Amino acid sequence: MESWGEASESRLIGKRITRLSGKDKVTGKAKYTFDINRPGMLYGRILRSEVPHATVMGIDMSQAEALPGVKAVIPLIESGKKLRYQGQEIAAVAAETDDIAKDALRLIQVHLEALPHVVTEADAMAEGAPQIRENWAGNQSEPSINKNRDVAAGFEEAAVEVEATYHTPVQTHVCLETHGHVAEWEDEQNLTVWASTQGVFGVRRDLAQYFGLPPNQVRVITEHMGGGFGSKFGPGSEGEAAAKLARITGKAVKLMLTRKDEHLVAGNRPSMTQHVRAGATRDGRLIAYDMRGYGTGGISSGAGFVGPYVYHVPNTRTERVNVAVNAGNQRAMRAPGHPQGAFAMDSLMDELAEKLGMNPLEFRRINDSSEVRQAQYTLGAQEIGWHRRNNVPGAGNGVKKRGMGVGSGQWGGGGGRGTEARVTINADGTVEAVTGTQDIGTGIRTAIAIIVAEEFGLAPTDITVKVGDSAPGLPSGGSGGSQTTASVAPVIKTAAAAAKQKLFEHIAPLLEAPVADLRVGTGIIYVASDRTKTITWQQAAGQLGMESISEGGHWAEELRKGVVAGTQFAEVEVDTQTGAVKLIKIVAVQDCGLAINRLTTESQINGGVIMGLGQALLEERFMDAQTGRMLNANLEDYKIPGTFEIPEIKSIVFDTHRKVTGIGEPPCIPTPGAIANAVYNAIGVRIRELPLTPDRILTALAEKKA
Amino acid sequence: MLEGKTLPIFNRPICQYLRTKAIYIPGGNLQNLVENNPGSHYWCNCTMQVVGPDDRFVSPDACKQARSCFKPVGGKPVV
């Protein structure tokens, strides 16, 4: 059985270690896809629909093709087919400069026959609305219905009930690095693509299939990438276009999306509207939960959300439908379906607790079977100073009112099979670890170095880690579902252990000791039973002469474990004259299993909290019903958190066991619910709709006053 | 030859062009393309869109052998 050993034995694992790529990133040495420039490279641009629904009657590209500097123009949709949302791809151009490419787009003539559109859920579900998706009567999917025990009987037992509607809007993906590729054909049969992707091997497979090539004739490189959050799997239309244009022109083509493109077509977190009725017994047990809800992921399906969530309800009935609107497709966004469902559930929990006259934390303790979260409640409450919370929501006479709230979350993240890796020890003492995963900014490069360095008694900086390249032929899965570390770490660990074993076998005769008696220390290898027999790492490796040791790893189920629990506490200050919400502090207590690198784990939690507070306070896609266009497809009007919005964040890595798990997604889940409950505690008015913008705060306060 | 035949682990043929996020991540497999998941987004690797080459929506339920663009897993790819 493989094991990560005891914490007391770890020299590096679990410690706070600066990420290896940090210096390269802040100095600009790190090359993202956006930074790749190839000799003679052309610039790609995509012409997109500005209408939400139409049939393409014809595309005239002749003027664009005639523009000097334009090297290729290709259609991305055929005449007779439908455009179903603003931003959908129509044609693509490759030109000598980006400006020429933009000019060329303006010369493409597109003949359309407009079709009726709907861009809001209400309009889509209204009687008589145009049907925009085949087989979806009323623009709604077949309902997904789930039942557990008897919800009617549950309500008969309930002493208190809450009936409410909770809503979260569509959030668009805002990756710092936009989606895009640089594509270059070596010849007709060999393609190299630099991709901003969460899945090097997924892009390789998809492009190979698309062009009818064996996978090993497509090379995908992602040395560094600027965020994906679930939106960067597969090459997408932009990858297809870049590769096609490169093939036609015989030149490398760079095609990166604009920020507007990102908002329109690069994916979004679907909206959620849920009408829920729930009941609890006098002694504080959740007893019944009946929910009907819907959401939209644009024209696509997939607008799912969780509920009931985290807390146990014995009698439930839930019914969900997807609503189709003429807007860009949803794509997975950090913990798909969880933050919006958690916001509703944690709001509901506070509302029920208030009806029971119970402290909301105590109400959670009664209904939460997770032993981990029970401990987290205690720790988080101490850290935020829960005893300072308003006993009466909205109490006090000042203009600025403070409040506290709590929210919870859970996730899987246990990793899976499919990674291959190789660890090599060279005679000069250098060490190389290679695998086909990709570092999406979360620090897997450093985690790999830590694992290998721990095994060899070296420093992480002594390890050369090569990831983000399909060429070595060592596949790994896409970085999604918080699976990367738990998938990669066991294979790296076993590869390093195998390489160490080989090295021990090589030097055991030299040390006149059995292999089983050899150990690594910091920079040395020694004989456990006779510490006078010690050689340095360099001396040991030097014994390899002209050879190297190169070993692969294997999946080791016992080194990983899924399912994590988390809870967060928020303290806010609400200005009752302006409606502004200022975050004072957020405490995030996150079960992380074995944190390979405590520093980057804390960074992950910080990042999740920041994304969660953006959902709670700022982010919302606005669609214009008349034109069917997005009104805030930019970063002026679509707000994301900046330094002024980010409070003190206390990220607590909550150690639970010595097995690796993933925490990329879970820290963003509890944040909106915790903040919404804190706002209620501050002002005494419940707002059931995100984001908690000043206009909503002031409206709610005015309604309370009236 | 398995071309066009149902593989034993699946209850029906799956189109080789059908995509969803779950098949890209560790532990994911084609079983995710057997049944519609209301929480999943589906797209086609031929069109890179939520509709197939026939301009109709794609999903495990919708991508069936009757469609002209359907190519089963294990069959020859169409370029």
# chains A, B, ... in the order shown; residues from 1 in each chain; ligands from 1
$ select_by_dssp --residues "stretch 23-131 of chain A" --states "strand (DSSP E or B)" --output "ChimeraX atom specification"
/A:32,42-48,54-60,70-75,82-83,89-95,109-114
$ write_last_selection --atoms "N, CA, C and O atoms" --output "compact mmCIF listing (two decimals), in the first residue's frame"
# COMPACT_ATOMS: atom_id res chain seq x y z
N TYR A 32 2.14 32.71 -22.30
CA TYR A 32 0.77 32.24 -22.47
C TYR A 32 0.49 32.12 -23.97
O TYR A 32 1.24 32.64 -24.79
N LEU A 42 -0.05 34.88 -39.10
CA LEU A 42 -1.22 35.69 -39.48
C LEU A 42 -2.14 35.84 -38.27
O LEU A 42 -2.03 35.09 -37.30
N TYR A 43 -3.03 36.81 -38.39
CA TYR A 43 -3.96 37.10 -37.31
C TYR A 43 -5.38 36.73 -37.71
O TYR A 43 -5.84 37.12 -38.79
N GLY A 44 -6.02 35.97 -36.88
CA GLY A 44 -7.38 35.52 -37.17
C GLY A 44 -8.42 36.33 -36.42
O GLY A 44 -8.19 36.79 -35.30
N ARG A 45 -9.55 36.50 -37.05
CA ARG A 45 -10.70 37.17 -36.44
C ARG A 45 -11.97 36.46 -36.88
O ARG A 45 -12.02 35.88 -37.97
N ILE A 46 -12.98 36.53 -36.04
CA ILE A 46 -14.25 35.87 -36.36
C ILE A 46 -15.37 36.90 -36.49
O ILE A 46 -15.51 37.77 -35.63
N LEU A 47 -16.12 36.79 -37.58
CA LEU A 47 -17.32 37.61 -37.74
C LEU A 47 -18.46 36.91 -37.00
O LEU A 47 -18.71 35.73 -37.21
N ARG A 48 -19.12 37.67 -36.16
CA ARG A 48 -20.18 37.09 -35.32
C ARG A 48 -21.52 37.73 -35.59
O ARG A 48 -21.60 38.88 -36.03
N ALA A 54 -31.89 34.18 -36.58
CA ALA A 54 -32.08 34.45 -38.01
C ALA A 54 -31.66 33.23 -38.81
O ALA A 54 -30.92 32.37 -38.32
N THR A 55 -32.14 33.18 -40.05
CA THR A 55 -31.67 32.16 -40.99
C THR A 55 -30.66 32.81 -41.93
O THR A 55 -30.89 33.92 -42.42
N VAL A 56 -29.54 32.13 -42.13
CA VAL A 56 -28.53 32.65 -43.05
C VAL A 56 -28.97 32.37 -44.48
O VAL A 56 -29.19 31.22 -44.86
N MET A 57 -29.11 33.45 -45.25
CA MET A 57 -29.56 33.29 -46.64
C MET A 57 -28.38 33.34 -47.61
O MET A 57 -28.50 32.91 -48.76
N GLY A 58 -27.28 33.90 -47.18
CA GLY A 58 -26.11 33.96 -48.04
C GLY A 58 -24.97 34.72 -47.38
O GLY A 58 -25.21 35.59 -46.54
N ILE A 59 -23.76 34.35 -47.72
CA ILE A 59 -22.57 35.04 -47.20
C ILE A 59 -21.69 35.40 -48.38
O ILE A 59 -21.23 34.50 -49.11
N ASP A 60 -21.45 36.68 -48.58
CA ASP A 60 -20.59 37.14 -49.68
C ASP A 60 -19.26 37.60 -49.09
O ASP A 60 -19.19 38.63 -48.42
N VAL A 70 -5.25 40.34 -46.75
CA VAL A 70 -6.11 39.22 -46.33
C VAL A 70 -5.63 37.95 -47.03
O VAL A 70 -5.44 37.93 -48.25
N LYS A 71 -5.42 36.90 -46.26
CA LYS A 71 -4.88 35.66 -46.83
C LYS A 71 -5.91 34.55 -46.93
O LYS A 71 -5.74 33.61 -47.69
N ALA A 72 -6.95 34.64 -46.14
CA ALA A 72 -8.00 33.60 -46.24
C ALA A 72 -9.27 34.09 -45.56
O ALA A 72 -9.22 34.81 -44.55
N VAL A 73 -10.38 33.70 -46.12
CA VAL A 73 -11.70 33.96 -45.52
C VAL A 73 -12.49 32.66 -45.63
O VAL A 73 -12.55 32.06 -46.71
N ILE A 74 -13.05 32.24 -44.52
CA ILE A 74 -13.81 30.97 -44.54
C ILE A 74 -15.16 31.17 -43.87
O ILE A 74 -15.29 31.91 -42.90
N PRO A 75 -16.19 30.51 -44.39
CA PRO A 75 -17.48 30.55 -43.70
C PRO A 75 -17.46 29.58 -42.52
O PRO A 75 -16.80 28.54 -42.57
N LYS A 82 -29.39 28.17 -39.17
CA LYS A 82 -29.86 29.22 -38.26
C LYS A 82 -28.74 29.76 -37.37
O LYS A 82 -27.90 29.00 -36.88
N LEU A 83 -28.83 31.06 -37.18
CA LEU A 83 -28.08 31.70 -36.10
C LEU A 83 -29.02 31.78 -34.92
O LEU A 83 -30.16 32.23 -35.05
N GLU A 89 -20.87 32.31 -34.54
CA GLU A 89 -19.86 32.44 -35.58
C GLU A 89 -20.47 32.39 -36.98
O GLU A 89 -21.31 31.52 -37.26
N ILE A 90 -20.01 33.31 -37.85
CA ILE A 90 -20.48 33.33 -39.24
C ILE A 90 -19.32 33.04 -40.20
O ILE A 90 -19.44 32.24 -41.11
N ALA A 91 -18.22 33.74 -39.99
CA ALA A 91 -17.07 33.55 -40.89
C ALA A 91 -15.80 33.93 -40.15
O ALA A 91 -15.85 34.58 -39.10
N ALA A 92 -14.67 33.52 -40.69
CA ALA A 92 -13.38 33.85 -40.07
C ALA A 92 -12.41 34.31 -41.14
O ALA A 92 -12.48 33.90 -42.31
N VAL A 93 -11.50 35.17 -40.70
CA VAL A 93 -10.53 35.79 -41.60
C VAL A 93 -9.13 35.60 -41.04
O VAL A 93 -8.94 35.63 -39.82
N ALA A 94 -8.17 35.41 -41.93
CA ALA A 94 -6.75 35.46 -41.53
C ALA A 94 -6.08 36.54 -42.37
O ALA A 94 -6.24 36.57 -43.60
N ALA A 95 -5.35 37.42 -41.71
CA ALA A 95 -4.72 38.54 -42.42
C ALA A 95 -3.35 38.82 -41.84
O ALA A 95 -2.99 38.32 -40.76
N GLN A 109 -20.41 40.44 -46.40
CA GLN A 109 -21.85 40.72 -46.50
C GLN A 109 -22.62 39.47 -46.11
O GLN A 109 -22.44 38.41 -46.71
N VAL A 110 -23.49 39.62 -45.13
CA VAL A 110 -24.29 38.47 -44.67
C VAL A 110 -25.76 38.79 -44.88
O VAL A 110 -26.24 39.84 -44.43
N HIS A 111 -26.42 37.93 -45.57
CA HIS A 111 -27.84 38.12 -45.83
C HIS A 111 -28.63 37.21 -44.91
O HIS A 111 -28.46 35.98 -44.93
N LEU A 112 -29.49 37.82 -44.12
CA LEU A 112 -30.21 37.09 -43.09
C LEU A 112 -31.71 37.26 -43.24
O LEU A 112 -32.19 38.28 -43.74
N GLU A 113 -32.42 36.28 -42.78
CA GLU A 113 -33.87 36.40 -42.65
C GLU A 113 -34.17 36.30 -41.15
O GLU A 113 -33.94 35.25 -40.54
N ALA A 114 -34.61 37.41 -40.59
CA ALA A 114 -34.79 37.47 -39.13
C ALA A 114 -35.87 36.51 -38.67
O ALA A 114 -36.88 36.30 -39.34
$ residues_around --residues "A:Ala183" --least-positions-apart "6" --cutoff "9 Å" --atoms "only C-alpha atoms" --output "compact mmCIF listing (two decimals) with N, CA and C atoms, in the first residue's frame"
# COMPACT_ATOMS: atom_id res chain seq x y z
N LEU A 191 -0.02 18.95 -37.23
CA LEU A 191 -0.52 20.22 -36.72
C LEU A 191 0.01 20.46 -35.31
N THR A 192 0.49 21.68 -35.07
CA THR A 192 0.85 22.10 -33.72
C THR A 192 -0.06 23.25 -33.32
N VAL A 193 -0.59 23.15 -32.12
CA VAL A 193 -1.51 24.18 -31.62
C VAL A 193 -1.09 24.60 -30.23
N TRP A 194 -0.89 25.89 -30.05
CA TRP A 194 -0.75 26.45 -28.72
C TRP A 194 -2.15 26.86 -28.29
N ALA A 195 -2.62 26.31 -27.21
CA ALA A 195 -4.03 26.49 -26.84
C ALA A 195 -4.15 27.00 -25.41
N GLY A 239 -10.90 27.42 -32.18
CA GLY A 239 -9.80 26.52 -32.45
C GLY A 239 -9.91 25.89 -33.82
N ALA A 242 -9.00 28.64 -36.34
CA ALA A 242 -7.56 28.92 -36.40
C ALA A 242 -6.84 27.83 -37.19
N ALA A 243 -7.18 26.58 -36.91
CA ALA A 243 -6.50 25.47 -37.59
C ALA A 243 -6.85 25.41 -39.07
N LYS A 244 -8.11 25.70 -39.40
CA LYS A 244 -8.51 25.70 -40.81
C LYS A 244 -7.78 26.81 -41.58
N LEU A 245 -7.77 28.00 -40.97
CA LEU A 245 -7.12 29.13 -41.64
C LEU A 245 -5.62 28.87 -41.82
N ALA A 246 -5.02 28.24 -40.82
CA ALA A 246 -3.59 27.93 -40.91
C ALA A 246 -3.32 26.92 -42.02
N ARG A 247 -4.21 25.98 -42.16
CA ARG A 247 -4.02 24.94 -43.19
C ARG A 247 -4.15 25.55 -44.59
N LYS A 251 0.40 29.16 -43.12
CA LYS A 251 1.08 30.01 -42.13
C LYS A 251 0.48 29.72 -40.75
N ALA A 252 1.25 30.09 -39.75
CA ALA A 252 0.68 30.04 -38.40
C ALA A 252 -0.39 31.11 -38.27
N VAL A 253 -1.45 30.79 -37.55
CA VAL A 253 -2.54 31.76 -37.34
C VAL A 253 -2.84 31.85 -35.85
N LYS A 254 -2.82 33.08 -35.38
CA LYS A 254 -3.22 33.33 -33.98
C LYS A 254 -4.65 33.86 -33.98
N LEU A 255 -5.50 33.20 -33.22
CA LEU A 255 -6.89 33.66 -33.14
C LEU A 255 -7.32 33.63 -31.67
$ atom_distance --atom1 "atom CA of A:Asp428" --atom2 "atom CA of A:Ala541"
6.3 Å
$ residues_around --residues "A:Asn146" --least-positions-apart "5" --cutoff "10 Å" --atoms "only C-alpha atoms" --output "list in words"
Met291, Thr316, Arg317, Thr318, Glu319 and Arg320 of chain A
$ closest_atom_pairs --of "chain A" --to "chain B" --cutoff "8 Å" --atoms "only C-alpha atoms" --output "Markdown table"
| residue | atom | partner | partner_atom | distance |
| --- | --- | --- | --- | --- |
| A:Lys81 | CA | B:Asp55 | CA | 6.5 |
| A:Lys82 | CA | B:Asp55 | CA | 7.4 |
| A:Arg133 | CA | B:Phe57 | CA | 7.9 |
| A:Glu134 | CA | B:Phe57 | CA | 7.6 |
| A:Ser144 | CA | B:Pro38 | CA | 7.1 |
| A:Gly199 | CA | B:Tyr24 | CA | 7.0 |
| A:Gly202 | CA | B:Tyr24 | CA | 5.9 |
| A:Asp206 | CA | B:Asn45 | CA | 6.7 |
| A:Gln209 | CA | B:Pro77 | CA | 6.9 |
| A:Tyr210 | CA | B:Val79 | CA | 6.3 |
| A:Phe211 | CA | B:Val79 | CA | 6.0 |
| A:Gly212 | CA | B:Val79 | CA | 5.4 |
| A:Phe233 | CA | B:Lys21 | CA | 6.8 |
| A:Gly236 | CA | B:Met48 | CA | 5.4 |
| A:Ser237 | CA | B:Met48 | CA | 5.3 |
| A:Glu240 | CA | B:Met48 | CA | 7.8 |
| A:Ser300 | CA | B:His41 | CA | 6.4 |
| A:Ser301 | CA | B:His41 | CA | 5.4 |
| A:Gly302 | CA | B:Gly39 | CA | 4.0 |
| A:Ala303 | CA | B:Gly39 | CA | 5.5 |
| A:Gly304 | CA | B:Gly39 | CA | 4.1 |
| A:Phe305 | CA | B:Gly39 | CA | 7.2 |
| A:Val321 | CA | B:Pro38 | CA | 7.9 |
| A:Asn322 | CA | B:Pro38 | CA | 7.5 |
| A:Gln330 | CA | B:His41 | CA | 7.0 |
| A:Arg331 | CA | B:His41 | CA | 6.6 |
| A:Ala332 | CA | B:Lys21 | CA | 7.5 |
| A:Gly337 | CA | B:Gly39 | CA | 7.7 |
| A:Gly415 | CA | B:Pro26 | CA | 6.2 |
| A:Gly416 | CA | B:Gly27 | CA | 4.4 |
| A:Arg417 | CA | B:Gly27 | CA | 5.9 |
| A:Gly418 | CA | B:Pro26 | CA | 6.3 |
| A:Ser476 | CA | B:Pro26 | CA | 7.6 |
| A:Gly477 | CA | B:Pro26 | CA | 4.8 |
| A:Gly478 | CA | B:Ile25 | CA | 4.6 |
| A:Ser479 | CA | B:Ile25 | CA | 6.4 |
| A:Gly480 | CA | B:Ile25 | CA | 5.7 |
| A:Gly481 | CA | B:Ile25 | CA | 7.1 |
| A:Gln483 | CA | B:Pro26 | CA | 6.6 |
| A:Thr484 | CA | B:Pro26 | CA | 7.7 |
| A:Ser487 | CA | B:Pro26 | CA | 6.8 |
$ residues_around --residues "stretch 402-408 of chain A" --least-positions-apart "5" --cutoff "7 Å" --atoms "only C-alpha atoms" --output "CSV table (one decimal) with C-alpha atoms, in the first residue's frame"
chain,number,residue,atom,x,y,z
A,346,ASP,CA,-28.5,28.9,3.0
A,389,ARG,CA,-23.6,39.0,15.5
A,390,ASN,CA,-26.8,41.0,15.8
A,566,GLY,CA,-16.5,23.7,3.6
A,567,THR,CA,-18.1,26.5,5.5
A,568,GLN,CA,-17.7,30.3,5.3
A,569,PHE,CA,-18.6,33.2,7.6
A,570,ALA,CA,-19.0,36.7,6.3
A,571,GLU,CA,-19.1,40.0,8.1
A,572,VAL,CA,-20.5,42.9,6.1
A,573,GLU,CA,-21.3,46.6,6.6
A,574,VAL,CA,-24.3,48.0,4.7
A,670,PRO,CA,-20.6,29.0,0.4
A,671,THR,CA,-19.7,32.6,-0.3
A,673,GLY,CA,-25.1,32.4,0.8
A,674,ALA,CA,-22.9,33.7,3.7
A,675,ILE,CA,-22.9,37.2,2.3
A,677,ASN,CA,-27.3,36.1,5.2
A,678,ALA,CA,-24.9,38.7,6.6
A,679,VAL,CA,-26.7,41.5,4.7
A,681,ASN,CA,-28.5,40.2,9.6
A,682,ALA,CA,-27.2,43.8,9.1
$ select_by_dssp --residues "stretch 74-148 of chain A" --states "helix (DSSP H, G or I)" --output "ChimeraX atom specification"
/A:98-106,121-125,137-139
$ write_last_selection --atoms "all heavy atoms" --output "compact mmCIF listing (two decimals), in the first residue's frame"
# COMPACT_ATOMS: atom_id res chain seq x y z
N ASP A 98 -3.66 42.36 -37.42
CA ASP A 98 -4.95 42.27 -36.74
C ASP A 98 -5.90 43.35 -37.26
O ASP A 98 -7.10 43.11 -37.41
CB ASP A 98 -4.74 42.43 -35.23
CG ASP A 98 -5.98 42.06 -34.43
OD1 ASP A 98 -6.68 41.11 -34.83
OD2 ASP A 98 -6.25 42.72 -33.42
N ASP A 99 -5.38 44.54 -37.55
CA ASP A 99 -6.24 45.62 -38.07
C ASP A 99 -6.83 45.25 -39.43
O ASP A 99 -8.00 45.54 -39.71
CB ASP A 99 -5.44 46.93 -38.18
CG ASP A 99 -5.22 47.56 -36.82
OD1 ASP A 99 -5.97 47.22 -35.88
OD2 ASP A 99 -4.30 48.39 -36.70
N ILE A 100 -6.01 44.64 -40.28
CA ILE A 100 -6.54 44.23 -41.59
C ILE A 100 -7.63 43.18 -41.41
O ILE A 100 -8.67 43.21 -42.08
CB ILE A 100 -5.41 43.69 -42.50
CG1 ILE A 100 -4.42 44.82 -42.84
CG2 ILE A 100 -5.98 43.09 -43.78
CD1 ILE A 100 -3.16 44.35 -43.57
N ALA A 101 -7.41 42.28 -40.47
CA ALA A 101 -8.42 41.24 -40.21
C ALA A 101 -9.73 41.87 -39.76
O ALA A 101 -10.82 41.47 -40.20
CB ALA A 101 -7.90 40.25 -39.17
N LYS A 102 -9.62 42.88 -38.91
CA LYS A 102 -10.85 43.56 -38.45
C LYS A 102 -11.54 44.29 -39.61
O LYS A 102 -12.76 44.26 -39.74
CB LYS A 102 -10.50 44.55 -37.32
CG LYS A 102 -10.28 43.88 -35.98
CD LYS A 102 -10.18 44.88 -34.84
CE LYS A 102 -8.79 45.44 -34.71
NZ LYS A 102 -8.61 46.26 -33.51
N ASP A 103 -10.73 44.94 -40.45
CA ASP A 103 -11.32 45.61 -41.62
C ASP A 103 -12.03 44.60 -42.52
O ASP A 103 -13.10 44.87 -43.06
CB ASP A 103 -10.22 46.33 -42.42
CG ASP A 103 -9.72 47.59 -41.73
OD1 ASP A 103 -10.42 48.07 -40.80
OD2 ASP A 103 -8.64 48.08 -42.10
N ALA A 104 -11.40 43.45 -42.68
CA ALA A 104 -11.98 42.43 -43.57
C ALA A 104 -13.34 41.96 -43.06
O ALA A 104 -14.25 41.70 -43.84
CB ALA A 104 -11.01 41.26 -43.70
N LEU A 105 -13.46 41.84 -41.75
CA LEU A 105 -14.75 41.40 -41.21
C LEU A 105 -15.87 42.35 -41.63
O LEU A 105 -16.99 41.93 -41.91
CB LEU A 105 -14.70 41.33 -39.67
CG LEU A 105 -13.79 40.29 -39.03
CD1 LEU A 105 -14.01 40.27 -37.52
CD2 LEU A 105 -14.03 38.90 -39.60
N ARG A 106 -15.53 43.63 -41.67
CA ARG A 106 -16.56 44.62 -42.04
C ARG A 106 -16.96 44.52 -43.51
O ARG A 106 -17.98 45.07 -43.92
CB ARG A 106 -16.06 46.03 -41.72
CG ARG A 106 -16.06 46.36 -40.23
CD ARG A 106 -15.80 47.84 -39.97
NE ARG A 106 -14.40 48.18 -40.10
CZ ARG A 106 -13.53 48.14 -39.09
NH1 ARG A 106 -13.94 47.79 -37.89
NH2 ARG A 106 -12.26 48.47 -39.27
N GLU A 121 -35.93 34.49 -19.52
CA GLU A 121 -36.66 33.28 -19.15
C GLU A 121 -38.17 33.56 -19.16
O GLU A 121 -38.95 32.73 -19.62
CB GLU A 121 -36.23 32.78 -17.76
CG GLU A 121 -34.76 32.39 -17.66
CD GLU A 121 -33.90 33.51 -17.15
OE1 GLU A 121 -33.95 34.63 -17.71
OE2 GLU A 121 -33.16 33.29 -16.18
N ALA A 122 -38.55 34.71 -18.65
CA ALA A 122 -39.98 35.03 -18.59
C ALA A 122 -40.58 35.10 -19.98
O ALA A 122 -41.67 34.55 -20.22
CB ALA A 122 -40.18 36.36 -17.85
N ASP A 123 -39.90 35.75 -20.89
CA ASP A 123 -40.41 35.84 -22.26
C ASP A 123 -40.45 34.46 -22.92
O ASP A 123 -41.36 34.14 -23.67
CB ASP A 123 -39.54 36.79 -23.10
CG ASP A 123 -39.78 38.25 -22.73
OD1 ASP A 123 -40.74 38.52 -21.98
OD2 ASP A 123 -38.99 39.10 -23.18
N ALA A 124 -39.44 33.66 -22.65
CA ALA A 124 -39.38 32.34 -23.28
C ALA A 124 -40.51 31.44 -22.82
O ALA A 124 -41.02 30.63 -23.58
CB ALA A 124 -38.03 31.69 -22.98
N MET A 125 -40.91 31.60 -21.55
CA MET A 125 -41.94 30.72 -20.98
C MET A 125 -43.34 31.29 -21.14
O MET A 125 -44.32 30.62 -20.82
CB MET A 125 -41.65 30.48 -19.49
CG MET A 125 -40.38 29.66 -19.26
SD MET A 125 -40.17 29.15 -17.53
CE MET A 125 -39.84 30.71 -16.76
N ALA A 137 -41.35 22.17 -25.89
CA ALA A 137 -42.61 22.92 -25.86
C ALA A 137 -42.51 24.02 -24.81
O ALA A 137 -42.02 23.78 -23.70
CB ALA A 137 -43.75 21.97 -25.52
N GLY A 138 -42.94 25.21 -25.19
CA GLY A 138 -42.82 26.34 -24.27
C GLY A 138 -41.39 26.70 -23.97
O GLY A 138 -41.10 27.34 -22.96
N ASN A 139 -40.49 26.28 -24.85
CA ASN A 139 -39.05 26.52 -24.69
C ASN A 139 -38.49 25.92 -23.41
O ASN A 139 -37.52 26.41 -22.84
CB ASN A 139 -38.74 28.03 -24.75
CG ASN A 139 -39.09 28.61 -26.10
OD1 ASN A 139 -38.74 28.04 -27.13
ND2 ASN A 139 -39.80 29.73 -26.11
$ residues_around --residues "A:Gln274" --least-positions-apart "4" --cutoff "7 Å" --atoms "only C-alpha atoms" --output "PyMOL selection string"
chain A and resi 165-167+291-294
$ write_last_selection --atoms "N, CA, C and O atoms" --output "mmCIF file, in the first residue's frame"
data_model
loop_
_atom_site.group_PDB
_atom_site.id
_atom_site.type_symbol
_atom_site.label_atom_id
_atom_site.label_comp_id
_atom_site.auth_asym_id
_atom_site.auth_seq_id
_atom_site.Cartn_x
_atom_site.Cartn_y
_atom_site.Cartn_z
ATOM 1 N N THR A 165 -39.105 32.554 -3.134
ATOM 2 C CA THR A 165 -38.501 32.386 -4.457
ATOM 3 C C THR A 165 -37.115 33.024 -4.450
ATOM 4 O O THR A 165 -36.973 34.189 -4.065
ATOM 5 N N TYR A 166 -36.135 32.248 -4.851
ATOM 6 C CA TYR A 166 -34.754 32.723 -4.888
ATOM 7 C C TYR A 166 -34.279 32.757 -6.346
ATOM 8 O O TYR A 166 -34.617 31.865 -7.137
ATOM 9 N N HIS A 167 -33.482 33.759 -6.641
ATOM 10 C CA HIS A 167 -33.039 33.918 -8.043
ATOM 11 C C HIS A 167 -31.573 34.330 -8.108
ATOM 12 O O HIS A 167 -31.114 35.190 -7.347
ATOM 13 N N MET A 291 -39.654 21.903 -4.065
ATOM 14 C CA MET A 291 -39.040 22.960 -4.885
ATOM 15 C C MET A 291 -39.367 22.769 -6.357
ATOM 16 O O MET A 291 -39.314 21.657 -6.889
ATOM 17 N N ARG A 292 -39.735 23.873 -6.993
ATOM 18 C CA ARG A 292 -39.872 23.892 -8.452
ATOM 19 C C ARG A 292 -38.972 24.993 -8.962
ATOM 20 O O ARG A 292 -39.034 26.128 -8.468
ATOM 21 N N GLY A 293 -38.159 24.666 -9.933
ATOM 22 C CA GLY A 293 -37.211 25.686 -10.379
ATOM 23 C C GLY A 293 -36.859 25.559 -11.844
ATOM 24 O O GLY A 293 -37.154 24.558 -12.492
ATOM 25 N N TYR A 294 -36.258 26.608 -12.327
ATOM 26 C CA TYR A 294 -35.796 26.608 -13.712
ATOM 27 C C TYR A 294 -34.575 27.497 -13.836
ATOM 28 O O TYR A 294 -34.263 28.309 -12.954
#
$ atom_distance --atom1 "atom CA of A:Pro672" --atom2 "atom CA of A:Gln615"
6.6 Å
$ atom_distance --atom1 "atom CA of A:Glu432" --atom2 "atom CA of A:Ile444"
14.7 Å
$ residues_around --residues "A:Ala335" --least-positions-apart "6" --cutoff "12 Å" --atoms "only C-alpha atoms" --output "number ranges by chain"
A: 229-231, 269-270, 304-306, 341-342, 409-413, 480-483, 608, 611-612, 662-670; B: 39
$ closest_residue --among "A:Ala676, A:Val182, A:Met630, A:Leu115" --to "A:Ala344" --atoms "only C-alpha atoms"
A:Ala676
